[in-house]
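Novice: Sharing a structure with you now.
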Amino acid sequence: DEVLRGMLMYFVLPLWLAAGFADFLCHRASHIEKTSGWKESVLHLAQFAEMAVPVLAALFLEITSGVILLMMVFLVFHEATAIWDVRYASSRREVSPTEQHVHSVLEMLPLTGLLLVIALHWPAFAALFGYGTPDFSFRLKQSPLPLTYIVSMLALTALFEVLPYLEELIRGLRYRDLRRKE
């Protein structure tokens, strides 16, 4: 369990943050504000919000059948939005092979994280399918994760995800407003 938990905390989540920032850099390099614009940025923020829910749940809540179900539902939402995003973007701009590869990482790491959570909490997952009694409660962890880890991950998320994608949205809105004035 410690190995799986360590992989989740110190490999999957940091790599996912790095891939999210790499995707932002791809968008910046392709000047999306001039092509697909602010609307694509909204889709990126939606995907971030869809994954923030299960990640925050994993950080702060006991992993119950209800939390696993929540994670599964939000993963499906995220994948649907990712398909919408790529369809929208590819019809308005070139999506480079590098960006496509980054998208692959961004799609697989949430699934990897979910699979690790399921492996760590198999009885809670199996209960969703009738192998035991599911617990749909949402309650804070009895043994919380280290505060330094939580603060570090939240700070890194703000620095490498929230702020860059908000900047991307603002850049797109400014370009839209500039075009309207012309």
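Residues in the structure tokens are named by chain (A, B, ... in the order shown) and by number from 1 within that chain; ligands are numbered from 1 in the order shown.
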Mind checking which residues fall within 9 Å of range 5-7 of chain A, counting only C-alpha atoms, ignoring those fewer than 6 positions away in the same chain, and posting them as a VMD selection string?

Specialist: chain A and resid 13 113 116 to 117 120

Novice: For the residues in the current selection, export N, CA and C atoms as a JSON list (two decimals), in the first residue's frame.

Specialist:
```json
[["chain", "number", "residue", "atom", "x", "y", "z"],
["A", 13, "LEU", "N", 0.63, 12.59, -9.37],
["A", 13, "LEU", "CA", 0.15, 13.97, -9.23],
["A", 13, "LEU", "C", 1.19, 15.00, -9.71],
["A", 113, "GLY", "N", -4.32, 7.53, -11.74],
["A", 113, "GLY", "CA", -4.58, 7.90, -10.36],
["A", 113, "GLY", "C", -5.80, 7.19, -9.80],
["A", 116, "LEU", "N", -5.00, 3.56, -9.08],
["A", 116, "LEU", "CA", -4.22, 3.41, -7.85],
["A", 116, "LEU", "C", -5.12, 3.57, -6.62],
["A", 117, "VAL", "N", -6.04, 4.54, -6.66],
["A", 117, "VAL", "CA", -6.98, 4.71, -5.55],
["A", 117, "VAL", "C", -7.82, 3.45, -5.38],
["A", 120, "LEU", "N", -5.86, 0.68, -3.82],
["A", 120, "LEU", "CA", -5.66, 0.93, -2.39],
["A", 120, "LEU", "C", -6.93, 0.71, -1.57]]
```

Novice: Just checking: using only C-alpha atoms, which residue out of A:Leu169, A:Leu17, A:Leu114, A:Val3 ends up closest to Pro54 in chain A?

Specialist: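 The answer is A:Leu114, which sits nearest to Pro54 in chain A.
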
Novice: Give the answer as one residue: which of A:Tyr88, A:Leu43, A:Ala49, A:Glu168 has the shortest atom-to-atom distance to Ser30 in chain A, using only C-alpha atoms?

Specialist: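 Once distances to Ser30 in chain A are computed over only C-alpha atoms, the minimum belongs to A:Glu168.
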
Novice: To one decimal place in Å, what is the distance between CA of Pro110 in chain A and CA of Glu79 in chain A?

Specialist: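 Straight-line distance from CA of Pro110 in chain A to CA of Glu79 in chain A works out to 9.7 Å.
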
Novice: Rounded to one decimal in Å, what is the spacing between CA of Leu56 in chain A and CA of Thr157 in chain A?

Specialist: 11.4 Å

Novice: Got a sec: who's within 12 Å of Leu156 in chain A, counting only C-alpha atoms, leaving out chain neighbours fewer than 6 positions off, as an MDAnalysis selection string?

Specialist: chainID A and resid 13:18 20:21 148:150 162:164

Novice: Of the candidates A:Gly37, A:Gly130, A:Gly172, A:Pro146, which one gets nearest to Ala89 in chain A if we count only C-alpha atoms?

Specialist: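 Of A:Gly37, A:Gly130, A:Gly172, A:Pro146, the one nearest Ala89 in chain A, counting only C-alpha atoms, is A:Gly37.
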
Novice: Taking only chain A into account, list the residues labelled alpha helix (DSSP H) by DSSP (computed from the backbone), as a VMD selection string.

Specialist: chain A and resid 2 to 7 13 to 29 37 to 60 65 to 90 97 to 120 122 to 127 147 to 157 163 to 181

Novice: Counting only C-alpha atoms, figure out which residue out of A:Leu59, A:Cys26, A:Leu111, A:Leu154 gets nearest to Gln142 in chain A.

Specialist: A:Leu59

Novice: Kindly indicate which residue among A:Glu167, A:Glu161, A:Glu62, A:Glu99 lies nearest to Pro144 in chain A, using only C-alpha atoms for the distances.

Specialist: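 Looking only at the distances to Pro144 in chain A, the closest residue turns out to be A:Glu62.
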
Novice: Which is closer to Val73 in chain A than all the others in A:Leu8, A:Met108, A:Ala127, A:Val53, using only C-alpha atoms?

Specialist: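 Going through A:Leu8, A:Met108, A:Ala127, A:Val53 one by one, the smallest distance to Val73 in chain A is for A:Val53.
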
Novice: Can you pull out every residue within 12 Å of Val76 in chain A, counting only C-alpha atoms, but drop anything in the same chain fewer than 5 positions away, and send it as number ranges by chain?

Specialist: A: 47, 50-51, 54, 69-71, 81-83, 107, 110-111, 114

Novice: Measure the distance from CA of Ala58 in chain A to CA of Leu140 in chain A in Å and round it to one decimal.

Specialist: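 Here the two named atoms are 9.9 Å from each other.
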
Novice: Set the distance at 9 Å and use only C-alpha atoms: which residues neighbour range 90-96 of chain A once local chain neighbours fewer than 3 positions away are removed? I'd like the list as a PyMOL selection string.

Specialist: chain A and resi 26-27+30+32+35-36+85-87+99-101

Novice: Selection from above, C-alpha atoms, as a PDB file, in the first residue's frame, can you write it?

Specialist:
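again.pdb, written as the output of this step:
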```
ATOM      1  CA  CYS A  26       2.018  24.440 -26.155  1.00  0.00           C
ATOM      2  CA  HIS A  27      -1.041  26.697 -26.224  1.00  0.00           C
ATOM      3  CA  SER A  30       0.601  28.266 -30.858  1.00  0.00           C
ATOM      4  CA  ILE A  32      -4.384  30.233 -29.265  1.00  0.00           C
ATOM      5  CA  THR A  35      -7.099  31.141 -33.343  1.00  0.00           C
ATOM      6  CA  SER A  36      -9.414  29.209 -31.035  1.00  0.00           C
ATOM      7  CA  ASP A  85     -11.793  20.580 -26.432  1.00  0.00           C
ATOM      8  CA  VAL A  86      -9.748  18.702 -29.045  1.00  0.00           C
ATOM      9  CA  ARG A  87     -12.596  18.771 -31.557  1.00  0.00           C
ATOM     10  CA  GLU A  99       0.706  18.908 -27.851  1.00  0.00           C
ATOM     11  CA  GLN A 100      -1.094  15.711 -28.880  1.00  0.00           C
ATOM     12  CA  HIS A 101       1.407  13.680 -26.861  1.00  0.00           C
TER      13      HIS A 101
END
```
